[in-house]
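Enquirer: This is data38.txt (compact mmCIF, C-alpha atoms).
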# COMPACT_ATOMS: atom_id res chain seq x y z
CA MET A 177 -38.60 5.70 -7.77
CA ILE A 178 -35.88 3.23 -6.80
CA ASN A 179 -32.46 4.76 -7.30
CA LYS A 180 -29.42 3.11 -5.74
CA ILE A 181 -26.89 5.13 -7.69
CA VAL A 182 -24.83 7.43 -5.51
CA ALA A 183 -22.61 10.27 -6.67
CA SER A 184 -19.32 9.40 -5.03
CA VAL A 185 -17.28 6.65 -3.43
CA ALA A 186 -17.45 8.57 -0.13
CA GLU A 187 -21.25 8.51 -0.26
CA ALA A 188 -21.18 4.83 -1.19
CA LEU A 189 -19.19 4.00 1.97
CA ASP A 190 -20.93 6.36 4.33
CA GLY A 191 -21.72 4.76 7.68
CA VAL A 192 -19.33 1.81 7.61
CA LYS A 193 -18.63 1.22 11.30
CA ASP A 194 -15.52 0.25 13.23
CA GLY A 195 -15.42 -3.50 13.87
CA SER A 196 -17.35 -4.38 10.73
CA THR A 197 -16.91 -7.60 8.80
CA VAL A 198 -16.29 -6.64 5.19
CA LEU A 199 -16.43 -8.99 2.20
CA ILE A 200 -14.26 -7.85 -0.71
CA GLY A 201 -14.88 -9.31 -4.16
CA GLY A 202 -12.37 -10.26 -6.80
CA PHE A 203 -9.96 -13.00 -7.74
CA GLY A 204 -6.60 -11.37 -8.19
CA ALA A 205 -7.40 -7.93 -9.60
CA VAL A 206 -10.27 -9.13 -11.76
CA GLY A 207 -13.58 -8.19 -10.21
CA GLN A 208 -11.85 -6.40 -7.36
CA PRO A 209 -13.50 -3.11 -6.35
CA ASP A 210 -10.30 -1.07 -6.17
CA ALA A 211 -11.94 2.35 -5.81
CA LEU A 212 -14.12 1.12 -2.92
CA ILE A 213 -11.08 -0.32 -1.14
CA GLU A 214 -9.28 3.03 -1.51
CA GLY A 215 -12.49 4.70 -0.36
CA LEU A 216 -12.62 2.51 2.74
CA ILE A 217 -9.09 3.63 3.62
CA GLU A 218 -10.26 7.26 3.30
CA GLN A 219 -13.46 6.56 5.19
CA GLY A 220 -11.41 5.40 8.17
CA ALA A 221 -13.32 2.48 9.67
CA LYS A 222 -10.96 0.37 11.76
CA ASN A 223 -10.74 -2.92 13.63
CA LEU A 224 -12.15 -4.60 10.53
CA THR A 225 -12.45 -8.27 9.72
CA ILE A 226 -12.06 -8.67 5.99
CA ALA A 227 -12.87 -11.76 3.93
CA LEU A 228 -11.57 -12.21 0.42
CA ASN A 229 -9.60 -14.72 -1.63
CA ASN A 230 -6.13 -13.14 -1.56
CA ALA A 231 -4.37 -10.87 0.90
CA GLY A 232 -3.31 -8.03 -1.34
CA SER A 233 -0.09 -7.27 -3.22
CA GLY A 234 2.46 -4.50 -2.96
CA HIS A 235 1.36 -1.46 -0.98
CA VAL A 236 -1.96 -0.66 -2.66
CA GLY A 237 -5.59 -1.65 -2.16
CA VAL A 238 -6.17 -4.33 0.46
CA ALA A 239 -2.45 -4.35 1.28
CA ARG A 240 -2.61 -0.65 2.11
CA LEU A 241 -5.80 -1.09 4.14
CA MET A 242 -3.82 -3.56 6.28
CA GLU A 243 -0.66 -1.44 6.27
CA VAL A 244 -2.46 1.57 7.72
CA GLY A 245 -3.69 -0.64 10.55
CA ARG A 246 -7.42 -0.95 9.83
CA VAL A 247 -7.60 -4.72 9.70
CA ARG A 248 -7.77 -6.92 12.78
CA LYS A 249 -8.43 -10.21 11.04
CA ILE A 250 -8.34 -11.58 7.53
CA ILE A 251 -10.29 -14.61 6.30
CA CYS A 252 -8.93 -15.87 2.99
CA SER A 253 -7.82 -18.94 1.04
CA PHE A 254 -4.53 -17.82 -0.45
CA PRO A 255 -2.60 -15.04 1.33
CA ARG A 256 0.54 -15.77 -0.68
CA SER A 257 -0.28 -14.19 -4.02
CA SER A 258 2.17 -11.98 -5.89
CA ASP A 259 4.22 -9.71 -3.63
CA PRO A 260 2.24 -10.14 -0.36
CA VAL A 261 4.83 -8.08 1.52
CA VAL A 262 2.43 -6.21 3.83
CA PHE A 263 0.48 -9.31 4.79
CA GLU A 264 3.63 -11.32 5.52
CA THR A 265 5.16 -8.60 7.67
CA LEU A 266 2.01 -8.08 9.77
CA TYR A 267 1.45 -11.83 10.04
CA ARG A 268 5.02 -12.49 11.17
CA GLU A 269 4.77 -9.69 13.74
CA GLY A 270 1.54 -11.18 15.06
CA LYS A 271 -0.45 -8.02 14.23
CA LEU A 272 -2.97 -9.74 12.00
CA GLU A 273 -5.21 -12.67 12.79
CA LEU A 274 -5.43 -15.11 9.88
CA GLU A 275 -8.21 -17.60 9.21
CA ILE A 276 -7.33 -19.85 6.29
CA THR A 277 -10.35 -21.36 4.56
CA PRO A 278 -10.27 -23.55 1.46
CA GLN A 279 -11.40 -21.51 -1.51
CA GLY A 280 -14.54 -23.51 -2.24
CA THR A 281 -15.46 -23.56 1.44
CA LEU A 282 -14.99 -19.80 1.62
CA ALA A 283 -17.33 -19.38 -1.34
CA GLU A 284 -19.93 -21.75 0.08
CA ARG A 285 -19.80 -20.13 3.54
CA ILE A 286 -20.59 -16.81 1.93
CA ARG A 287 -23.26 -18.28 -0.34
CA ALA A 288 -24.85 -20.05 2.65
CA ALA A 289 -24.99 -16.76 4.58
CA GLY A 290 -26.78 -15.12 1.68
CA ALA A 291 -29.14 -18.07 1.28
CA GLY A 292 -30.16 -18.26 4.95
CA ILE A 293 -28.31 -21.51 5.68
CA PRO A 294 -26.41 -21.32 9.00
CA ALA A 295 -23.98 -24.20 8.34
CA PHE A 296 -23.27 -27.07 5.97
CA TYR A 297 -21.12 -30.18 5.69
CA THR A 298 -18.30 -30.58 3.16
CA ALA A 299 -15.73 -33.29 2.47
CA THR A 300 -13.19 -30.56 1.78
CA ALA A 301 -10.43 -30.50 4.42
CA ALA A 302 -11.71 -33.61 6.25
CA GLY A 303 -8.82 -35.15 8.16
CA THR A 304 -6.55 -32.11 7.67
CA LEU A 305 -5.33 -29.30 9.93
CA LEU A 306 -8.08 -27.03 8.61
CA ALA A 307 -10.73 -29.33 10.11
CA ARG A 308 -9.21 -29.14 13.57
CA GLY A 309 -11.74 -28.14 16.22
CA LYS A 310 -14.66 -28.40 13.81
CA GLU A 311 -17.58 -30.73 14.16
CA THR A 312 -17.45 -33.68 11.76
CA ARG A 313 -20.09 -36.17 10.73
CA GLU A 314 -20.21 -39.26 8.59
CA PHE A 315 -22.62 -39.55 5.68
CA ASP A 316 -22.68 -42.74 3.57
CA GLY A 317 -19.32 -43.82 4.96
CA ARG A 318 -17.44 -40.59 4.25
CA GLU A 319 -16.32 -37.96 6.74
CA TYR A 320 -17.56 -34.40 6.34
CA VAL A 321 -16.65 -31.19 8.16
CA MET A 322 -19.24 -28.71 9.40
CA GLU A 323 -18.58 -25.19 8.17
CA LYS A 324 -20.50 -22.14 9.31
CA ALA A 325 -22.00 -19.42 7.14
CA LEU A 326 -19.96 -16.24 6.84
CA LYS A 327 -22.25 -13.25 7.25
CA ALA A 328 -20.99 -9.72 6.86
CA ASP A 329 -21.90 -6.15 7.63
CA VAL A 330 -20.60 -4.82 4.34
CA ALA A 331 -19.83 -6.29 0.90
CA LEU A 332 -17.73 -4.38 -1.60
CA VAL A 333 -18.24 -5.78 -5.09
CA GLU A 334 -17.27 -4.88 -8.65
CA ALA A 335 -19.26 -5.30 -11.84
CA TRP A 336 -19.14 -4.15 -15.44
CA GLU A 337 -22.60 -2.58 -15.68
CA ALA A 338 -25.45 -1.60 -13.39
CA ASP A 339 -28.82 0.15 -13.57
CA ARG A 340 -30.56 2.29 -10.95
CA TRP A 341 -32.26 -0.76 -9.43
CA GLY A 342 -28.79 -2.10 -8.63
CA ASN A 343 -28.93 -4.95 -11.15
CA LEU A 344 -25.36 -6.00 -11.93
CA VAL A 345 -23.81 -7.50 -15.05
CA TYR A 346 -20.34 -9.06 -14.76
CA ARG A 347 -17.68 -9.33 -17.41
CA GLY A 348 -15.42 -12.29 -18.19
CA SER A 349 -14.04 -14.00 -15.10
CA GLY A 350 -15.00 -10.90 -13.09
CA ALA A 351 -17.99 -12.50 -11.36
CA ASN A 352 -15.97 -14.83 -9.10
CA PHE A 353 -16.86 -13.99 -5.46
CA ASN A 354 -18.97 -10.93 -6.27
CA PRO A 355 -22.47 -12.44 -6.73
CA ILE A 356 -22.35 -14.41 -3.46
CA MET A 357 -20.77 -11.55 -1.51
CA ALA A 358 -23.52 -9.25 -2.72
CA MET A 359 -26.03 -11.67 -1.13
CA ALA A 360 -24.30 -12.04 2.22
CA ALA A 361 -24.04 -8.53 3.67
CA GLU A 362 -26.30 -6.01 5.38
CA LEU A 363 -24.89 -3.28 3.14
CA THR A 364 -23.79 -4.19 -0.39
CA VAL A 365 -21.93 -1.54 -2.34
CA ALA A 366 -21.11 -2.04 -6.03
CA GLN A 367 -18.45 -0.27 -8.04
CA VAL A 368 -19.28 -0.43 -11.75
CA GLN A 369 -17.69 0.73 -14.97
CA HIS A 370 -20.94 1.67 -16.73
CA ILE A 371 -24.41 2.82 -15.68
CA ARG A 372 -27.23 1.76 -18.02
CA GLU A 373 -30.83 2.92 -18.25
CA LEU A 374 -33.42 0.72 -16.55
CA GLY A 375 -34.42 -1.89 -19.14
CA GLU A 376 -31.15 -1.75 -21.04
CA LEU A 377 -29.62 -4.71 -19.20
CA HIS A 378 -30.93 -7.98 -20.63
CA PRO A 379 -32.62 -9.93 -17.82
CA HIS A 380 -30.67 -13.07 -18.77
CA MET A 381 -27.39 -11.19 -18.38
CA VAL A 382 -28.04 -9.88 -14.87
CA GLY A 383 -25.67 -11.78 -12.57
CA THR A 384 -26.86 -10.09 -9.38
CA PRO A 385 -30.43 -8.82 -9.12
CA GLY A 386 -30.63 -5.38 -7.55
CA VAL A 387 -32.53 -6.77 -4.56
CA TYR A 388 -29.13 -7.72 -3.11
CA VAL A 389 -27.53 -4.33 -3.79
CA ASN A 390 -27.87 -1.16 -1.70
CA ARG A 391 -25.59 1.35 -3.39
CA VAL A 392 -23.99 1.67 -6.82
CA VAL A 393 -21.17 4.01 -7.73
CA GLN A 394 -19.73 4.45 -11.20
CA VAL A 395 -15.96 4.50 -11.44
CA ASP A 396 -14.08 4.70 -14.72
CA ARG A 397 -11.12 2.45 -14.15
CA GLY A 398 -9.17 3.68 -17.13
CA GLY A 399 -6.48 1.46 -18.60
CA ASP A 400 -3.80 1.52 -15.89
CA TRP A 401 -4.99 -1.40 -13.84
CA LEU A 402 -4.59 -3.68 -16.86
CA LYS A 403 -0.82 -3.78 -16.42
CA PRO A 404 0.48 -7.26 -15.55
CA GLU A 405 1.79 -6.17 -12.14
CA ALA A 406 -1.72 -5.07 -11.16
CA ARG A 407 -3.17 -8.57 -11.56
CA MET B 137 17.07 -39.38 -19.95
CA PRO B 138 14.57 -38.23 -17.33
CA PHE B 139 11.71 -36.07 -18.56
CA ASP B 140 11.97 -32.27 -18.34
CA ARG B 141 8.96 -30.21 -17.17
CA ASN B 142 7.39 -30.05 -20.61
CA GLN B 143 7.94 -33.74 -21.28
CA MET B 144 6.31 -34.59 -17.94
CA ALA B 145 3.31 -32.48 -18.90
CA ALA B 146 3.22 -34.07 -22.37
CA ARG B 147 3.40 -37.59 -20.91
CA LEU B 148 0.41 -36.81 -18.69
CA ALA B 149 -1.49 -35.12 -21.52
CA ALA B 150 -1.15 -38.32 -23.59
CA ASP B 151 -3.36 -40.08 -21.01
CA VAL B 152 -6.19 -37.51 -21.03
CA PRO B 153 -9.02 -38.74 -23.26
CA GLU B 154 -11.40 -36.67 -25.32
CA GLY B 155 -14.42 -35.39 -23.45
CA TRP B 156 -12.92 -34.99 -20.00
CA CYS B 157 -13.38 -31.79 -18.02
CA VAL B 158 -9.98 -31.06 -16.48
CA ASN B 159 -8.78 -28.63 -13.81
CA LEU B 160 -5.06 -27.85 -13.84
CA GLY B 161 -3.15 -26.58 -10.83
CA ILE B 162 -0.41 -23.98 -10.88
CA GLY B 163 3.12 -24.81 -12.12
CA ILE B 164 3.88 -27.91 -14.22
CA PRO B 165 0.14 -28.87 -14.23
CA THR B 166 -0.63 -25.68 -16.20
CA LEU B 167 1.71 -26.89 -18.98
CA VAL B 168 -0.49 -29.95 -19.60
CA ALA B 169 -2.93 -27.89 -21.67
CA ASN B 170 -0.19 -27.09 -24.20
CA HIS B 171 0.24 -30.78 -24.97
CA VAL B 172 -3.34 -31.84 -25.65
CA PRO B 173 -3.71 -31.87 -29.44
CA ALA B 174 -6.25 -29.37 -30.77
CA GLU B 175 -8.36 -32.09 -32.42
CA ARG B 176 -8.91 -33.83 -29.06
CA GLU B 177 -11.70 -31.95 -27.31
CA VAL B 178 -10.82 -31.62 -23.63
CA ILE B 179 -12.56 -28.94 -21.54
CA PHE B 180 -10.29 -27.00 -19.18
CA GLN B 181 -11.97 -25.56 -16.10
CA SER B 182 -10.41 -22.83 -14.01
CA GLU B 183 -11.50 -22.51 -10.37
CA ASN B 184 -12.28 -18.81 -10.80
CA GLY B 185 -15.28 -19.75 -12.92
CA VAL B 186 -14.03 -20.26 -16.47
CA ILE B 187 -15.17 -23.41 -18.25
CA GLY B 188 -13.54 -23.82 -21.66
CA MET B 189 -10.22 -22.08 -21.12
CA GLY B 190 -7.95 -21.66 -24.15
CA PRO B 191 -4.26 -20.83 -24.54
CA ALA B 192 -2.54 -17.57 -23.62
CA PRO B 193 -3.64 -14.63 -25.80
CA ALA B 194 -1.60 -13.24 -28.66
CA LYS B 195 0.09 -9.91 -27.94
CA GLY B 196 -2.43 -7.11 -28.35
CA ALA B 197 -5.42 -9.47 -27.98
CA GLU B 198 -5.38 -9.65 -24.16
CA ASP B 199 -8.67 -9.27 -22.27
CA PRO B 200 -7.81 -8.12 -18.74
CA TRP B 201 -11.08 -9.59 -17.39
CA LEU B 202 -10.01 -13.06 -18.44
CA ILE B 203 -7.54 -14.80 -16.14
CA ASN B 204 -6.94 -18.33 -14.84
CA ALA B 205 -6.32 -19.63 -11.32
CA GLY B 206 -2.66 -18.59 -11.61
CA LYS B 207 -3.79 -15.01 -12.49
CA GLN B 208 -2.38 -15.39 -16.00
CA LEU B 209 -4.23 -13.91 -18.96
CA ILE B 210 -6.08 -16.54 -20.98
CA THR B 211 -8.45 -16.92 -23.92
CA LEU B 212 -11.69 -18.84 -24.29
CA VAL B 213 -12.45 -21.68 -26.69
CA LYS B 214 -15.72 -21.97 -28.62
CA GLY B 215 -18.33 -23.37 -26.23
CA ALA B 216 -16.88 -21.68 -23.16
CA SER B 217 -18.95 -20.39 -20.24
CA PHE B 218 -18.55 -18.40 -17.03
CA VAL B 219 -19.85 -18.99 -13.52
CA GLY B 220 -19.16 -17.39 -10.15
CA HIS B 221 -17.12 -18.99 -7.38
CA ALA B 222 -19.98 -20.79 -5.63
CA ASP B 223 -20.96 -22.54 -8.86
CA SER B 224 -17.37 -23.19 -9.88
CA PHE B 225 -16.72 -24.97 -6.60
CA ALA B 226 -20.07 -26.74 -6.75
CA MET B 227 -18.75 -28.17 -10.03
CA ILE B 228 -15.51 -29.17 -8.28
CA ARG B 229 -16.95 -30.43 -4.99
CA GLY B 230 -19.91 -32.08 -6.69
CA GLY B 231 -17.73 -34.48 -8.67
CA HIS B 232 -18.18 -32.95 -12.11
CA ILE B 233 -14.47 -32.53 -12.82
CA ASP B 234 -13.13 -35.71 -14.47
CA LEU B 235 -9.52 -34.96 -13.65
CA CYS B 236 -7.59 -32.54 -11.50
CA VAL B 237 -3.83 -32.27 -11.92
CA LEU B 238 -1.87 -30.89 -8.98
CA GLY B 239 1.73 -30.43 -7.92
CA ALA B 240 2.86 -31.94 -4.62
CA PHE B 241 5.42 -31.82 -1.84
CA GLU B 242 4.70 -35.45 -0.99
CA VAL B 243 2.41 -38.29 -2.02
CA ALA B 244 2.02 -41.27 0.31
CA GLU B 245 1.49 -44.87 -0.75
CA ASN B 246 -2.09 -44.77 0.57
CA GLY B 247 -2.84 -41.82 -1.74
CA ASP B 248 -2.51 -39.04 0.86
CA LEU B 249 -1.45 -35.71 -0.64
CA ALA B 250 0.60 -32.92 0.96
CA ASN B 251 0.93 -29.82 -1.19
CA TRP B 252 -0.20 -26.75 0.72
CA ALA B 253 1.89 -26.06 3.81
CA THR B 254 5.38 -26.81 5.00
CA GLY B 255 4.53 -26.29 8.65
CA GLU B 256 7.24 -23.63 9.06
CA ASN B 257 6.00 -21.18 11.64
CA ASP B 258 6.87 -17.85 10.05
CA THR B 259 5.29 -18.68 6.69
CA ALA B 260 1.55 -18.23 6.45
CA PRO B 261 -0.19 -21.25 4.99
CA ALA B 262 -2.03 -20.75 1.70
CA VAL B 263 -4.44 -23.43 0.57
CA GLY B 264 -6.38 -21.88 -2.33
CA GLY B 265 -8.62 -24.45 -3.99
CA ALA B 266 -6.35 -27.46 -3.48
CA MET B 267 -8.39 -29.10 -0.70
CA ASP B 268 -11.66 -28.67 -2.58
CA LEU B 269 -10.13 -30.21 -5.70
CA ALA B 270 -8.51 -33.05 -3.76
CA ALA B 271 -11.82 -33.90 -2.08
CA GLY B 272 -14.14 -33.30 -5.02
CA ALA B 273 -12.61 -34.17 -8.40
CA LYS B 274 -13.42 -37.62 -9.82
CA ARG B 275 -9.69 -38.38 -10.02
CA VAL B 276 -6.62 -36.48 -8.94
CA TRP B 277 -3.24 -36.98 -10.58
CA VAL B 278 0.00 -35.40 -9.42
CA VAL B 279 2.79 -34.19 -11.66
CA MET B 280 6.05 -33.40 -9.87
CA GLU B 281 9.81 -33.98 -9.77
CA HIS B 282 10.54 -37.42 -8.33
CA THR B 283 12.70 -36.01 -5.53
CA THR B 284 13.24 -32.68 -3.81
CA LYS B 285 16.06 -30.38 -4.97
CA ASP B 286 18.32 -31.89 -2.31
CA GLY B 287 17.45 -35.44 -3.39
CA ARG B 288 14.89 -36.51 -0.79
CA PRO B 289 12.06 -38.77 -2.01
CA LYS B 290 8.62 -37.21 -2.55
CA LEU B 291 6.92 -40.59 -2.86
CA VAL B 292 6.74 -41.70 0.76
CA GLU B 293 5.17 -44.24 3.12
CA LYS B 294 3.57 -41.46 5.14
CA CYS B 295 3.50 -37.71 4.47
CA SER B 296 5.52 -35.57 6.87
CA TYR B 297 3.94 -32.27 5.76
CA PRO B 298 0.34 -31.26 6.60
CA LEU B 299 -2.17 -33.12 4.41
CA THR B 300 -4.22 -31.53 1.66
CA GLY B 301 -6.42 -34.57 1.18
CA LEU B 302 -6.62 -38.15 2.40
CA ARG B 303 -6.34 -41.13 0.03
CA CYS B 304 -7.11 -38.93 -2.97
CA ILE B 305 -4.23 -39.46 -5.43
CA ARG B 306 -4.67 -42.09 -8.13
CA ARG B 307 -1.58 -41.55 -10.25
CA VAL B 308 1.74 -39.69 -10.17
CA TYR B 309 3.78 -38.46 -13.16
CA THR B 310 7.40 -37.62 -12.37
CA ASN B 311 10.54 -36.90 -14.34
CA LEU B 312 11.41 -40.60 -13.93
CA ALA B 313 8.19 -42.59 -14.15
CA VAL B 314 4.42 -42.88 -14.21
CA ILE B 315 3.16 -44.56 -11.05
CA ASP B 316 -0.34 -45.66 -10.11
CA VAL B 317 -1.45 -45.35 -6.50
CA LEU B 318 -3.71 -48.30 -5.76
CA PRO B 319 -5.70 -48.61 -2.52
CA GLU B 320 -4.60 -52.20 -1.76
CA LYS B 321 -1.12 -52.20 -3.26
CA GLY B 322 0.35 -48.71 -2.94
CA PHE B 323 2.76 -47.49 -5.62
CA VAL B 324 2.66 -49.54 -8.82
CA LEU B 325 4.96 -48.73 -11.74
CA ARG B 326 3.06 -47.97 -14.93
CA ASP B 327 5.72 -46.52 -17.23
CA LEU B 328 9.34 -45.34 -17.19
CA ALA B 329 10.98 -42.29 -18.75
CA PRO B 330 13.36 -43.30 -21.55
CA GLY B 331 16.57 -44.87 -20.23
CA VAL B 332 15.38 -44.91 -16.60
CA THR B 333 15.30 -48.25 -14.77
CA PHE B 334 12.88 -49.64 -12.18
CA GLU B 335 15.80 -49.93 -9.75
CA GLU B 336 16.65 -46.24 -10.11
CA VAL B 337 13.02 -45.21 -9.49
CA GLN B 338 12.84 -47.52 -6.46
CA ALA B 339 16.10 -46.12 -5.09
CA LYS B 340 14.75 -42.58 -5.33
CA SER B 341 11.40 -43.44 -3.72
CA GLY B 342 10.68 -43.50 0.00
CA ALA B 343 8.23 -46.41 -0.20
CA LYS B 344 7.99 -49.80 -1.86
CA LEU B 345 7.39 -49.66 -5.59
CA HIS B 346 5.53 -52.61 -7.08
CA LEU B 347 5.77 -54.04 -10.56
CA ASN B 348 2.40 -54.96 -12.01
Would you kindly transcribe this structure into structure tokens?
Expert:
Amino acid sequence: MINKIVASVAEALDGVKDGSTVLIGGFGAVGQPDALIEGLIEQGAKNLTIALNNAGSGHVGVARLMEVGRVRKIICSFPRSSDPVVFETLYREGKLELEITPQGTLAERIRAAGAGIPAFYTATAAGTLLARGKETREFDGREYVMEKALKADVALVEAWEADRWGNLVYRGSGANFNPIMAMAAELTVAQVQHIRELGELHPHMVGTPGVYVNRVVQVDRGGDWLKPEAR
Amino acid sequence: MPFDRNQMAARLAADVPEGWCVNLGIGIPTLVANHVPAEREVIFQSENGVIGMGPAPAKGAEDPWLINAGKQLITLVKGASFVGHADSFAMIRGGHIDLCVLGAFEVAENGDLANWATGENDTAPAVGGAMDLAAGAKRVWVVMEHTTKDGRPKLVEKCSYPLTGLRCIRRVYTNLAVIDVLPEKGFVLRDLAPGVTFEEVQAKSGAKLHLN
């Protein structure tokens, strides 16, 4: 019997090694696996490279992971979201390496990694600072920049529902980076609000087939995270 | 009287025809949606994978799983759909967005856009989806104040800030005027805010402004 459901966040994150590259899903707080991020802080892996859209707010979640010194490098598109105090301090002090990637390029780099494509060309960023040092090539008279796939050791994703095969159903705008991140890592861990019986999830609704998912942990998020300052 | 923020957004909205799929940036661009009349069907796309975004929710009707690119709570309209980020940016990069509206630090007369970094060393740059939109949308319009807070022109011969996209801006809406950016001609006046003169707009611009 296939059963990817584990009993605790600690079990879900067991074995994450120092120096890992970790993809973290979510756009703002929506689709962000908060309990897994907290769990990673507890778990203790350090010298991490993390890739995600934003760089955390306040002193919780990803911001705390950075504040307690676990992150060596961050790859993201928009580090200046609401209250990025930890990021800005570490960045100014030179304690955090930053790789800025346009949001669509970040998504495609992750998708490419999951799809077995080592690199691709995009018109995004051609002629700008973010193309500096990258190979470019002209197709049909337009300049394109070569971007490399972004593979990871671990992906932490969030979904609304899952079954024991690891099939995931997303809610609202909560899919965002999660489906592609689930594809691009050696170990994909999903935090979900609800566990359903096998067969209960409609095949058309499954956003990530369980083939991409290694571990599922159920976390009841309660209502607190809905507050505006948590977004 | 120059336009205020809402009037700038309304002036731009008047030029958005039925049927377009439109992506709005953060700030004044977001206000554009409020000024498209309900009977004119325009589809608003948000980079985080929402196609068919509606207005802000009524109090008590918020869905915390439903936000826009600015992380504000939103609603859906009938006909809406969701995709993940790879598909959302395929839509953007693949030329399926009819119009993207962005704010800007500077727009150059060749259509170059600078809106993501000031080049100051202690501030981390943050690009978000701006470069993808600038490179991929069918047309990109800018809505912005005509000058900086200290009166420097934002319409310039050549951008001084780092570029977001090259030769990508087709039109600019400011508090003073509507200006086309044409490949051969540069800035061409299209419309003036009430009571504003061509001479005033030219005086507050850092590049030659052409009459039709």
Enquirer: Quick check: residues of chain A within 7 Å of chain B, all atoms listed in the file, returned as a PyMOL selection string.
Expert: chain A and resi 203-204+206+253-256+268+278-280+283-284+287+299-301+303-305+347-353+355+402+407
Enquirer: Residues around (2.7, -24.9, -15.8), cut-off 12 Å, counting all atoms listed in the file - what are they as a VMD selection string?
Expert: chain B and resid 141 to 146 160 to 171 191 to 192 204 to 206 208 237 to 239 279 to 280
Enquirer: Got a sec: who's within 6 Å of stretch 331-333 of chain A, counting only C-alpha atoms, leaving out chain neighbours fewer than 3 positions off, as a compact mmCIF listing (two decimals) with C-alpha atoms, in the frame of the given file?
Expert:
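Wrote out38.txt, looks like this:
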# COMPACT_ATOMS: atom_id res chain seq x y z
CA VAL A 198 -16.29 -6.64 5.19
CA LEU A 199 -16.43 -8.99 2.20
CA ILE A 200 -14.26 -7.85 -0.71
CA GLY A 201 -14.88 -9.31 -4.16
CA PRO A 209 -13.50 -3.11 -6.35
CA ASN A 354 -18.97 -10.93 -6.27
CA MET A 357 -20.77 -11.55 -1.51
CA ALA A 358 -23.52 -9.25 -2.72
CA ALA A 361 -24.04 -8.53 3.67
CA THR A 364 -23.79 -4.19 -0.39
CA VAL A 365 -21.93 -1.54 -2.34
CA ALA A 366 -21.11 -2.04 -6.03
Enquirer: Report, as JSON, the axis-aligned box around all atoms of stretch 372-382 of chain A present in the file, extended by 3 Å on each side; give centre and edge lengths in Å to one decimal place.
Expert:
{"center_x": -30.8, "center_y": -5.1, "center_z": -18.0, "size_x": 13.2, "size_y": 22.0, "size_z": 12.2}
Enquirer: Nearest to A:Ile213 among A:Leu241, A:Ile226, A:Leu374, A:Ala307, with distances taken over only C-alpha atoms: which residue is it?
Expert: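 Counting only C-alpha atoms, the residue closest to A:Ile213 is A:Leu241.
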Enquirer: With all atoms listed in the file as the basis for distance, which of A:Gly215, A:Gly220, A:Gly386, A:Gly309 is at the shortest distance from A:Ser184?
Expert: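 So, comparing all the options, the nearest one is A:Gly215.
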Enquirer: What separation in Å, quoted to one decimal, exists between atom CA of B:Ala244 and atom CA of B:Val308?
Expert: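 Atom CA of B:Ala244 sits 10.6 Å away from atom CA of B:Val308.
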Enquirer: Write out as a list in words which residues come within 6 Å of B:Leu345 when counting all atoms listed in the file, dropping same-chain ones fewer than 4 positions away.
Expert: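 Result of the neighbour search: Phe323, Val324 and Gln338 of chain B.
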Enquirer: Do a neighbour search on A:Gly191 at 10 Å with only C-alpha atoms, toss out local chain neighbours closer than 6 positions, and write the hits as a short mmCIF file (atom, residue, chain, number, x, y, z; two decimals) with C-alpha atoms, in the frame of the given file.
Expert:
data_model
loop_
_atom_site.label_atom_id
_atom_site.label_comp_id
_atom_site.auth_asym_id
_atom_site.auth_seq_id
_atom_site.Cartn_x
_atom_site.Cartn_y
_atom_site.Cartn_z
CA GLN A 219 -13.46 6.56 5.19
CA ALA A 221 -13.32 2.48 9.67
CA LEU A 363 -24.89 -3.28 3.14
#
Enquirer: Just the residues within 12 Å of A:Gly375, please, counting only C-alpha atoms, with nothing from its chain fewer than 2 positions along; format it as a list in words.
Expert: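 Here the answer would be Ala338, Asp339, Arg340, Trp341, Gly342, Asn343, Ile371, Arg372, Glu373, Leu377, His378, Pro379, His380, Met381 and Val382 of chain A.
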Enquirer: So that I can see what lies close to A:Leu282, please list as a list in words the residues with an atom at most 9 Å from it, counting all atoms listed in the file and leaving out residues fewer than 5 positions away in the same chain.
Expert: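 Here the qualifying residues turn out to be Ala227, Leu228, Asn229, Ile251, Cys252, Ser253, Ile276, Thr277, Arg287, Ala325 and Leu326 of chain A; Ala222 of chain B.
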Enquirer: State, in Å with one decimal place, the distance from atom CA of B:Leu312 to atom CA of B:Phe139.
Expert: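 According to the coordinates, atom CA of B:Leu312 and atom CA of B:Phe139 are separated by 6.5 Å.
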Enquirer: For a test of reading the model, state the distance in Å between atom CA of A:Leu266 and atom CA of A:Lys222, rounded to one decimal.
Expert: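 Rounded to one decimal, the two atoms are 15.6 Å apart.
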Enquirer: Which one of B:Val292, B:Asp140, B:Phe334, B:Ala253 sits closest to A:Leu306 if you count only C-alpha atoms?
Expert: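 Of B:Val292, B:Asp140, B:Phe334, B:Ala253, the one nearest A:Leu306 is B:Ala253, counting only C-alpha atoms.
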Enquirer: Compare B:Arg326, B:His282, B:His346, B:Arg176 by their minimum atom-to-atom distance to B:Val314, counting all atoms listed in the file, and give me the closest one.
Expert: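 When distances to B:Val314 are compared using all atoms listed in the file, the smallest one comes from B:Arg326.
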